[in-house]
Every structure is written in structure tokens, then in C-alpha cells.
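Trainee: Below is the file upload34.txt, which contains compact mmCIF, C-alpha atoms.
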```txt
# COMPACT_ATOMS: atom_id res chain seq x y z
CA MET F 17 96.35 158.93 67.36
CA ARG F 18 96.36 157.09 64.17
CA ASN F 19 99.61 156.47 62.54
CA ASP F 20 107.32 154.39 58.06
CA LYS F 21 109.84 153.77 56.89
CA TYR F 22 111.46 157.19 56.71
CA ILE F 23 114.11 157.29 54.07
CA LEU F 24 116.50 160.16 53.56
CA ALA F 25 118.02 159.27 50.23
CA SER F 26 118.59 160.33 46.69
CA ALA F 27 115.40 161.39 44.98
CA ASP F 28 116.15 158.82 42.27
CA SER F 29 116.57 155.97 44.70
CA GLY F 30 113.96 153.29 44.13
CA VAL F 31 114.86 151.03 47.05
CA ASN F 32 114.32 151.27 50.77
CA MET F 33 117.56 151.74 52.63
CA THR F 34 118.71 152.57 56.11
CA VAL F 35 118.19 156.18 57.18
CA GLU F 36 120.60 158.23 55.14
CA ALA F 37 120.74 161.88 54.20
CA VAL F 38 122.18 162.66 50.80
CA GLU F 39 123.57 166.03 49.84
CA ASN F 40 123.01 166.63 46.15
CA ASN F 41 124.72 169.80 44.88
CA GLY F 42 124.06 171.61 48.14
CA VAL F 43 120.47 170.32 48.45
CA ALA F 44 119.27 167.61 50.85
CA ASP F 45 117.18 165.00 49.05
CA ILE F 46 114.64 163.55 51.49
CA ARG F 47 112.11 160.77 51.06
CA ILE F 48 109.20 160.08 53.42
CA THR F 49 107.38 156.91 52.42
CA ASP F 50 104.94 154.60 54.17
CA ARG F 51 103.57 155.33 57.66
CA ILE F 52 104.82 158.07 59.98
CA SER F 53 105.59 156.34 63.27
CA GLU F 54 107.74 156.71 66.35
CA TRP F 55 108.59 153.00 66.11
CA SER F 56 110.31 153.16 62.75
CA ASP F 57 112.98 155.11 60.93
CA SER F 58 110.32 157.73 60.21
CA SER F 59 110.33 158.87 63.82
CA ALA F 60 110.93 162.53 64.55
CA ASN F 61 114.14 161.57 66.38
CA SER F 62 115.53 159.86 63.27
CA VAL F 63 114.56 162.82 61.12
CA ARG F 64 116.05 165.27 63.60
CA ALA F 65 119.42 163.51 63.58
CA LYS F 66 119.68 163.52 59.81
CA VAL F 67 118.34 167.04 59.29
CA ASP F 68 120.83 168.33 61.86
CA GLU F 69 123.55 166.42 60.02
CA MET F 70 122.66 168.22 56.79
CA ILE F 71 122.40 171.62 58.47
CA ALA F 72 125.80 171.11 60.10
CA ALA F 73 127.21 170.34 56.64
CA GLY F 74 126.00 173.72 55.46
CA VAL F 75 122.94 172.49 53.53
CA SER F 76 120.10 175.02 53.71
CA GLU F 77 117.72 173.71 51.05
CA ALA F 78 115.79 170.44 50.88
CA ARG F 79 113.74 168.52 48.33
CA LEU F 80 111.14 166.31 50.00
CA TYR F 81 109.47 163.38 48.24
CA LEU F 82 106.28 162.51 50.15
CA ASN F 83 104.31 159.30 49.58
CA SER F 84 102.54 158.36 52.80
CA GLN F 85 99.22 157.34 54.28
CA GLY F 86 99.97 159.49 57.32
CA GLY F 87 100.32 158.17 60.84
CA ASN F 88 101.08 159.57 64.27
CA VAL F 89 100.03 163.21 64.45
CA PHE F 90 102.62 164.20 67.06
CA GLN F 91 105.44 162.61 65.09
CA ALA F 92 104.23 164.43 61.96
CA ASN F 93 104.09 167.76 63.80
CA GLU F 94 107.63 167.31 65.09
CA ILE F 95 108.84 166.37 61.60
CA ILE F 96 107.34 169.69 60.45
CA ASN F 97 109.39 171.46 63.12
CA GLU F 98 112.56 169.71 61.95
CA LEU F 99 111.97 170.48 58.27
CA LYS F 100 111.55 174.15 59.15
CA LYS F 101 115.27 174.23 59.96
CA PHE F 102 115.89 174.43 56.22
CA ALA F 103 115.69 177.89 54.68
CA LYS F 104 113.89 176.47 51.66
CA ILE F 105 111.98 173.27 51.02
CA ASN F 106 110.26 171.97 47.89
CA ILE F 107 107.91 168.98 48.06
CA THR F 108 106.91 166.43 45.44
CA VAL F 109 103.90 164.24 46.24
CA GLY F 110 103.91 160.66 44.98
CA ALA F 111 100.88 158.40 44.70
CA LEU F 112 99.39 159.41 48.05
CA ALA F 113 99.40 162.06 50.75
CA ALA F 114 96.82 161.32 53.43
CA SER F 115 95.98 162.13 57.01
CA ALA F 116 99.08 163.41 58.86
CA ALA F 117 100.95 163.67 55.54
CA THR F 118 98.50 166.34 54.38
CA ARG F 119 99.20 168.22 57.62
CA ILE F 120 102.80 168.50 56.43
CA LEU F 121 101.60 169.83 53.07
CA ALA F 122 99.30 172.33 54.77
CA GLU F 123 102.26 173.68 56.76
CA PHE F 124 104.43 174.19 53.69
CA ARG F 125 101.59 175.31 51.41
CA GLY F 126 102.73 176.75 48.12
CA SER F 127 105.87 174.57 48.11
CA ALA F 128 104.47 171.31 46.75
CA ILE F 129 103.94 169.78 43.33
CA ALA F 130 102.05 166.55 42.56
CA PHE F 131 101.37 164.21 39.65
CA GLN F 132 98.16 163.98 37.65
CA ASN F 133 97.27 160.72 39.42
CA SER F 134 98.32 161.70 42.96
CA GLN F 135 95.56 161.32 45.56
CA PHE F 136 94.99 163.20 48.81
CA MET F 137 92.90 162.62 51.93
CA ILE F 138 92.08 164.59 55.06
CA HIS F 139 90.06 163.47 58.06
CA LYS F 140 89.62 164.28 61.71
CA PRO F 141 92.50 162.99 63.84
CA LYS F 142 91.57 159.78 65.61
CA GLY F 143 92.52 158.44 69.02
CA TYR F 144 92.12 155.22 70.96
CA PHE F 145 92.25 155.55 74.73
CA ASP F 146 91.68 153.59 77.90
CA GLY F 147 91.73 154.37 81.58
CA ASN F 148 89.30 155.70 84.16
CA GLN F 149 86.78 158.48 83.58
CA ASP F 150 89.25 161.24 84.42
CA GLU F 151 91.95 159.80 82.17
CA ILE F 152 89.55 159.38 79.27
CA ALA F 153 88.26 162.94 79.75
CA ALA F 154 91.85 164.23 79.64
CA SER F 155 92.56 162.17 76.52
CA LEU F 156 89.41 163.52 74.89
CA GLN F 157 90.59 167.08 75.60
CA MET F 158 93.93 166.26 73.98
CA LEU F 159 92.10 164.89 70.90
CA ASN F 160 89.98 168.04 70.78
CA ASN F 161 93.16 170.15 70.83
CA VAL F 162 94.75 168.18 68.01
CA THR F 163 91.56 168.32 65.95
CA ALA F 164 91.43 172.10 66.42
CA ASP F 165 95.03 172.37 65.19
CA TYR F 166 94.27 170.34 62.05
CA ARG F 167 91.04 172.23 61.42
CA THR F 168 92.83 175.58 61.63
CA ALA F 169 95.74 174.40 59.45
CA TYR F 170 93.41 173.17 56.69
CA ALA F 171 91.28 176.30 56.90
CA THR F 172 94.36 178.53 56.60
CA CYS F 173 95.71 176.46 53.72
CA SER F 174 92.45 176.41 51.74
CA GLY F 175 91.04 179.81 52.59
CA LYS F 176 87.89 178.08 53.84
CA THR F 177 86.24 178.69 57.19
CA GLU F 178 86.69 176.17 59.99
CA ASP F 179 82.98 175.36 59.73
CA GLU F 180 83.53 174.49 56.06
CA ILE F 181 86.40 172.17 57.03
CA ASP F 182 84.09 170.47 59.55
CA ALA F 183 81.53 169.99 56.80
CA LEU F 184 84.14 168.36 54.54
CA TRP F 185 85.25 165.71 57.02
CA GLN F 186 82.04 165.22 58.98
CA ASN F 187 81.38 161.88 57.26
CA GLY F 188 84.92 160.57 57.61
CA ASP F 189 87.70 160.51 55.01
CA TYR F 190 87.55 163.33 52.46
CA TRP F 191 89.42 162.43 49.27
CA MET F 192 90.79 164.82 46.64
CA THR F 193 92.31 164.48 43.19
CA ALA F 194 95.43 166.45 42.32
CA GLU F 195 93.28 169.18 40.76
CA GLN F 196 91.08 169.38 43.86
CA ALA F 197 94.14 169.41 46.13
CA GLN F 198 95.57 172.30 44.12
CA GLU F 199 92.31 174.20 44.47
CA PHE F 200 92.33 173.38 48.20
CA GLY F 201 95.85 174.77 48.53
CA LEU F 202 97.73 171.61 49.51
CA ILE F 203 99.86 171.81 46.35
CA SER F 204 100.82 174.68 44.09
CA SER F 205 101.13 172.89 40.75
CA ILE F 206 100.71 169.56 38.95
CA HIS F 207 103.17 167.67 36.74
CA SER F 208 101.94 167.38 33.17
CA ASP F 209 102.42 163.60 33.31
CA SER F 210 101.19 160.90 35.69
CA LYS F 211 103.36 159.07 38.15
CA LYS F 212 104.32 155.54 37.16
CA LEU F 213 102.71 153.55 39.96
CA ARG F 214 104.31 150.49 41.51
CA ALA F 215 102.34 147.61 42.97
CA GLU F 216 103.31 148.99 46.41
CA ASP F 217 101.67 152.32 45.56
CA VAL F 218 98.43 150.62 44.55
CA ALA F 219 98.48 148.52 47.74
CA LEU F 220 98.97 151.71 49.75
CA LEU F 221 95.93 153.31 48.14
CA GLU F 222 93.85 150.18 48.70
CA ALA F 223 94.87 150.03 52.38
CA CYS F 224 93.75 153.63 52.88
CA GLY F 225 90.38 153.06 51.23
CA ALA F 226 91.05 155.42 48.32
CA PRO F 227 87.95 155.72 46.11
CA ASN F 228 89.95 155.51 42.87
CA ILE F 229 92.30 152.54 42.62
CA PRO F 230 94.40 152.78 39.44
CA LYS F 231 95.36 149.73 37.44
CA THR F 232 99.05 149.06 36.98
CA GLU F 233 100.35 148.21 33.55
CA LYS F 234 100.25 144.50 32.87
CA THR F 235 103.50 143.57 31.20
CA GLU F 236 104.87 140.22 30.16
CA PHE F 237 105.13 137.88 33.17
CA LYS F 238 107.00 139.85 35.81
CA TYR F 239 107.51 139.01 39.48
CA LYS F 240 110.13 139.98 42.01
CA MET F 241 110.84 136.40 43.05
CA ASP F 242 112.09 133.83 40.53
CA LYS F 243 109.59 131.55 38.83
CA ASP F 244 110.85 128.31 40.38
CA LYS F 245 110.31 129.66 43.88
CA LEU F 246 106.90 131.03 42.93
CA LYS F 247 105.83 127.68 41.45
CA SER F 248 106.89 125.94 44.65
CA LEU F 249 104.93 128.38 46.82
CA LEU F 250 101.85 127.89 44.64
CA GLY F 251 102.17 124.10 44.73
CA LEU F 252 102.67 123.87 40.98
CA ALA F 253 104.79 121.48 38.98
CA ALA F 254 108.26 122.59 37.93
CA ASP F 255 107.17 122.74 34.28
CA ALA F 256 104.08 124.90 34.98
CA THR F 257 103.44 127.56 32.33
CA ASP F 258 103.07 131.29 32.88
CA GLU F 259 99.34 130.92 32.28
CA GLN F 260 99.09 128.25 35.00
CA ILE F 261 100.98 130.49 37.38
CA GLU F 262 98.66 133.41 36.58
CA ASN F 263 95.60 131.19 37.12
CA ALA F 264 96.93 129.91 40.45
CA ILE F 265 97.58 133.46 41.62
CA ALA F 266 94.08 134.52 40.52
CA GLU F 267 92.55 131.60 42.45
CA ASN F 268 94.50 132.47 45.58
CA LYS F 269 93.36 136.06 45.21
CA ARG F 270 89.73 134.91 44.87
CA LYS F 271 90.01 132.88 48.07
CA ALA F 272 91.65 135.77 49.88
CA GLU F 273 88.88 138.14 48.78
CA ALA F 274 86.23 135.67 49.97
CA SER F 275 87.98 135.43 53.32
CA ALA F 276 88.21 139.22 53.50
CA GLN F 277 84.49 139.53 52.80
CA THR F 278 83.71 137.11 55.63
CA GLU F 279 86.01 139.01 57.95
CA ALA F 280 84.40 142.30 56.91
CA ALA F 281 80.94 140.90 57.64
CA LEU F 282 82.03 139.76 61.11
CA GLN F 283 83.63 143.14 61.74
CA ALA F 284 80.42 144.90 60.66
CA GLN F 285 78.47 142.79 63.17
CA ALA F 286 80.96 143.66 65.91
CA ASP F 287 80.75 147.36 64.99
CA GLU F 288 76.94 147.25 65.13
CA ARG F 289 77.09 145.63 68.56
CA ALA F 290 79.49 148.32 69.77
CA GLU F 291 77.27 151.05 68.32
CA ALA F 292 74.20 149.61 70.08
CA LEU F 293 76.06 149.41 73.40
CA VAL F 294 77.17 153.03 73.25
CA ASN F 295 73.80 154.30 72.01
CA ASP F 296 72.08 152.53 74.92
CA ALA F 297 74.59 154.07 77.33
CA ILE F 298 73.64 157.52 76.01
CA LEU F 299 69.92 157.27 75.36
CA LYS F 300 68.66 154.48 77.56
CA ASP F 301 71.00 154.07 80.51
CA LYS F 302 72.11 157.74 80.70
CA LYS F 303 75.68 156.74 81.57
CA ILE F 304 77.51 159.04 79.16
CA THR F 305 76.76 162.13 77.08
CA ALA F 306 76.53 162.31 73.28
CA ASP F 307 79.82 164.22 72.95
CA GLN F 308 81.63 161.23 74.48
CA LYS F 309 80.25 158.79 71.91
CA GLU F 310 83.28 158.56 69.60
CA VAL F 311 85.68 157.83 72.45
CA TRP F 312 83.47 155.09 73.91
CA LEU F 313 82.71 153.71 70.47
CA GLY F 314 86.43 153.30 69.84
CA LEU F 315 86.83 151.54 73.18
CA ALA F 316 83.86 149.23 72.52
CA LYS F 317 85.19 148.26 69.09
CA ARG F 318 88.56 147.37 70.58
CA ASP F 319 87.35 145.68 73.76
CA PHE F 320 83.59 145.19 73.83
CA GLU F 321 83.43 143.30 77.12
CA GLY F 322 85.77 145.76 78.83
CA ALA F 323 83.76 148.76 77.64
CA LYS F 324 80.50 147.07 78.64
CA ALA F 325 81.80 146.36 82.14
CA ALA F 326 83.04 149.92 82.54
CA LEU F 327 79.71 151.38 81.44
CA GLU F 328 77.73 149.07 83.70
CA ALA F 329 79.86 150.17 86.66
CA MET F 330 79.21 153.86 85.99
CA PRO F 331 76.33 155.66 87.74
CA GLU F 332 73.67 157.38 85.68
CA ILE F 333 74.53 161.00 84.89
CA GLY F 334 71.41 162.22 86.68
CA LYS F 335 72.07 160.15 89.78
CA LEU F 336 75.66 161.32 89.92
CA SER F 337 74.61 164.96 89.76
CA GLU F 338 72.16 164.40 92.61
CA GLN F 339 75.07 163.33 94.80
CA ILE F 340 76.98 166.55 94.24
CA SER F 341 76.28 169.49 96.51
CA GLY F 342 76.28 173.12 95.47
CA ASN F 343 79.92 173.62 96.49
CA GLY F 344 81.04 170.89 94.09
CA LYS F 345 81.75 168.22 96.71
CA VAL F 346 80.31 164.74 96.66
CA ARG F 347 77.88 164.18 99.50
CA SER F 348 78.54 161.27 101.79
```
Represent the structure of the file as C-alpha cells.
Mentor:
Amino acid sequence: MRNDKYILASADSGVNMTVEAVENNGVADIRITDRISEWSDSSANSVRAKVDEMIAAGVSEARLYLNSQGGNVFQANEIINELKKFAKINITVGALAASAATRILAEFRGSAIAFQNSQFMIHKPKGYFDGNQDEIAASLQMLNNVTADYRTAYATCSGKTEDEIDALWQNGDYWMTAEQAQEFGLISSIHSDSKKLRAEDVALLEACGAPNIPKTEKTEFKYKMDKDKLKSLLGLAADATDEQIENAIAENKRKAEASAQTEAALQAQADERAEALVNDAILKDKKITADQKEVWLGLAKRDFEGAKAALEAMPEIGKLSEQISGNGKVRS
């Protein structure tokens, strides 16, 4: 199910560092940034080790800084379990809390504060599976269970019914401003000022498809790498001006956007082909039922030929049922 660098550090730290837990006047300062994943320092195992280290040192309170597009739902749920070891936890949301990150907020509702320009997103958990019919059916049941957990958590947090939560995310990602997230119950209050966004924060919002992409302040020429190296990478002369550098960057960006548009068009064609394949399997060929569409659609988007072959090898639902006797056994 869709899926950081997990940093336990001083709340004032502005750089990524190895996993480290910092005790600050008897309070553990914790940072969760980027994606939540079992393959990075954001894994539940990494968090567990550092939380236990703080608890063993007698720390019972934590301040969590959360700026994440979400990630693996099981890792996020286990991180929730680890954070519950603290007697008290206060959360500050950065530029973004989405997907599995909002599940953390829903668990600790009433303990979070955000900035005026913080953004939030919830959606149904997603899964990508393969295997035979029985394995896919089992995976689908697991996804149903996880979705039910998220639906209940958001309903409890917001005071809405579970049907109302279904209505919110039925069309995909459901985005909220800080004010809307407060009304929803994900946060309890909002800072009077806005968070100063870094380029990384804006990139994070863009990657998640946030509807409102803020503009960062444009200051006098400012790049992380030195100018000489940047000029070399851009193929510019050593005496190139700042304006020439800016123009070269803008041109590269234009080319990248054109390439992205082409890639998006090709992806849209592939998605349409996958949609047609699955719709035919449901309506025309009677190979699968409508409630299995999302699982097969995910498979077809990942491996069209593999999904097509699997569907072609499956018997029609009606023909399969004709082969089954009243006692549930397949007739020879």
C-alpha cells in the first residue's frame, strides 16, 4: 500500500541527519519528513529503537514535527503505536500532511497545530498486488480491512459518518486547507503566521498533486551549488551573468515540462487501454465482477500484457458457476 527519511532531531534542525533522538529539557524532539517507508530511516523499527531509547532515559513527553506525503500504511500504524509510549505528544504540521501522515494526526487528534499555509490530504488506501485469483482475493480483503480502519479513524476524528467520509474521497484525493483541517479535527489550532517554505516543500506539494502550489520568495541569485559548477552543468561560459544562468535554467525547465507533458499523454493512453481491458472483462467477457475493478485496473496499469493474459485464461463467471455443484465442489 502506497508509501522517508525519518529524522529524530532537534526541532530547530534544518538539515537531514542520521537517525538521532534529542532530549531537550526532558522532551523528545522528533521530526518525520518525506515518505514513510520500511526501506528508510522512517521505518517503524528505526522509530521504535529511538523512542525506546528516549523512554529508557526517562523522557515521557515528545514534540513531533510532521511534514510528509504519507507512505506505507502499516509502517504508519506501527509508528502510531510507538509514539503512544509517550505520556504526552504535541504535533506541529509543516507544509504537508497527506495520506498515511493524516492517519497519524487522526490518532492524536486535538494534539496538533499547523501553519496558515499547511496543506492536508486524505484518500482511500491504495494497494498493488499480483498472484493467482485466491491470492488477489486475499489481498483485496486486506485492502478492505485497511480502508475500513482509515474510514473509521477519519469519521471519529471529524465527527462525520463513515458514509460522509466515503463521499469525501470517492473521487480520489481530498485536499484541505489548515482551516478546513481544523474544522475536520485533524488539528486543534493554527499558527498566526505562515510557514516559510523551502524549495523542497514546494516540490513535495507538487509531487503529491496539491491543488494550491505556493510560490517561494525570489531573492537575489541563490543556489545551493556554487556558480562555477552551475555554469559548467548548464554548458555556459565561465563569465556568464546571473541573467544568463536564470535564462538557461528557465529553458531547461521548459524542455523538462514539454517532456513531462509527452510522458503524461503516453501515460493517459496506457491508462485508457487498461481501463478498456478491465471494463471489457467485467461487461463483455464476464471474467470478473465490478467490485474487483480497482485491483485489476492497478494490475493492468503496471503490467498490461500480464493482466490481459491472466484475464484471457480465466473462465467466465457464469461458466465457472455452472461447474460448481450444490455442495460447493467443482464437478469433474
Trainee: Given the choices F:Ser53, F:Val43, F:Val294, F:Tyr144, which gets closest to F:Glu328 if the distance is worked out from only C-alpha atoms?
Mentor: F:Val294
Trainee: Excluding F:Asn295 and any residue of its chain fewer than 5 positions from it, enumerate the residues within 10 Å of it, using only C-alpha atoms, and give them as a short mmCIF file (atom, residue, chain, number, x, y, z; two decimals) with C-alpha atoms, in the frame of the given file.
Mentor:
```cif
data_model
loop_
_atom_site.label_atom_id
_atom_site.label_comp_id
_atom_site.auth_asym_id
_atom_site.auth_seq_id
_atom_site.Cartn_x
_atom_site.Cartn_y
_atom_site.Cartn_z
CA ARG F 289 77.09 145.63 68.56
CA ALA F 290 79.49 148.32 69.77
CA LYS F 300 68.66 154.48 77.56
CA ASP F 301 71.00 154.07 80.51
CA LYS F 302 72.11 157.74 80.70
CA ILE F 304 77.51 159.04 79.16
CA THR F 305 76.76 162.13 77.08
CA ALA F 306 76.53 162.31 73.28
CA LYS F 309 80.25 158.79 71.91
CA TRP F 312 83.47 155.09 73.91
CA LEU F 313 82.71 153.71 70.47
#
```
Trainee: Within 12 Å of stretch 265-275 of chain F, counting all atoms listed in the file, which residues show up once you throw out same-chain ones fewer than 6 positions away? Write them as JSON, numbers by chain, please.
Mentor: {"F": [239, 246, 247, 249, 250, 251, 252, 258, 259, 281, 282]}
Trainee: When you draw a straight line from atom CA of F:Asp209 to atom CA of F:Ala197, how long is it in Å?
Mentor: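 Atom CA of F:Ala197 lies 16.3 Å from atom CA of F:Asp209.
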Trainee: I'd like to know which of F:Leu112, F:Ile52, F:Ala323, F:Ile96 is closest to F:Ala194, using only C-alpha atoms.
Mentor: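 Of all the options, F:Leu112 lies closest to F:Ala194.
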Trainee: So, with all atoms listed in the file as the atoms that count, which of F:Lys100, F:His139, F:Lys303, F:Arg51 lies closest to F:Glu123?
Mentor: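 Going through F:Lys100, F:His139, F:Lys303, F:Arg51 one by one, the smallest distance to F:Glu123 is for F:Lys100.
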Trainee: Taking 3 positions as the minimum chain separation for residues in the same chain, which residues sit within 12 Å of F:Ala326 when counting only C-alpha atoms? Answer as a list in words.
Mentor: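 Everything that qualifies: Asp146, Gly147, Asn148, Gln149, Ile152, Leu293, Val294, Ala297, Lys303, Ile304, Trp312, Leu315, Ala316, Asp319, Phe320, Glu321, Gly322, Ala323, Ala329, Met330 and Pro331 of chain F.
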Trainee: Between atom CA of F:Ala116 and atom CA of F:Lys140, measure the distance and give it in Å to one decimal.
Mentor: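 Here the two named atoms are 9.9 Å from each other.
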Trainee: Closest to F:Arg79 among F:Ile129, F:Ala65, F:Ala276, F:Ile181, using only C-alpha atoms?
Mentor: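 Using only C-alpha atoms, F:Arg79 sits closest to F:Ile129.
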Trainee: Could you check the closest approach to F:Ala73 for each of F:Met137, F:Thr118, F:Ala219, F:Ala44 and tell me which residue wins, using all atoms listed in the file?
Mentor: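 Smallest distance to F:Ala73 is found for F:Ala44.
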Trainee: List as a PyMOL selection string the protein and nucleic acid residues near F:Lys104, meaning an atom at most 8 Å away when only C-alpha atoms are counted, but skip any in the same chain fewer than 3 places from it.
Mentor: chain F and resi 76-78
Trainee: Write the residues of the preceding selection, restricted to C-alpha atoms, as a PDB file, in the coordinates of the input.
Mentor:
```pdb
ATOM      1  CA  SER F  76     120.100 175.020  53.710  1.00  0.00           C
ATOM      2  CA  GLU F  77     117.720 173.710  51.050  1.00  0.00           C
ATOM      3  CA  ALA F  78     115.790 170.440  50.880  1.00  0.00           C
TER       4      ALA F  78
END
```
Trainee: Using only C-alpha atoms, pick whichever of F:Gln91, F:Ser62, F:Thr49, F:Gln186 has the shortest atom-to-atom distance to F:Arg167.
Mentor: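 Ranked by minimum distance to F:Arg167, first place goes to F:Gln186.
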Trainee: Atom CA of F:Asn83 to atom CA of F:Leu221: how many Å, to one decimal?
Mentor: 10.4 Å
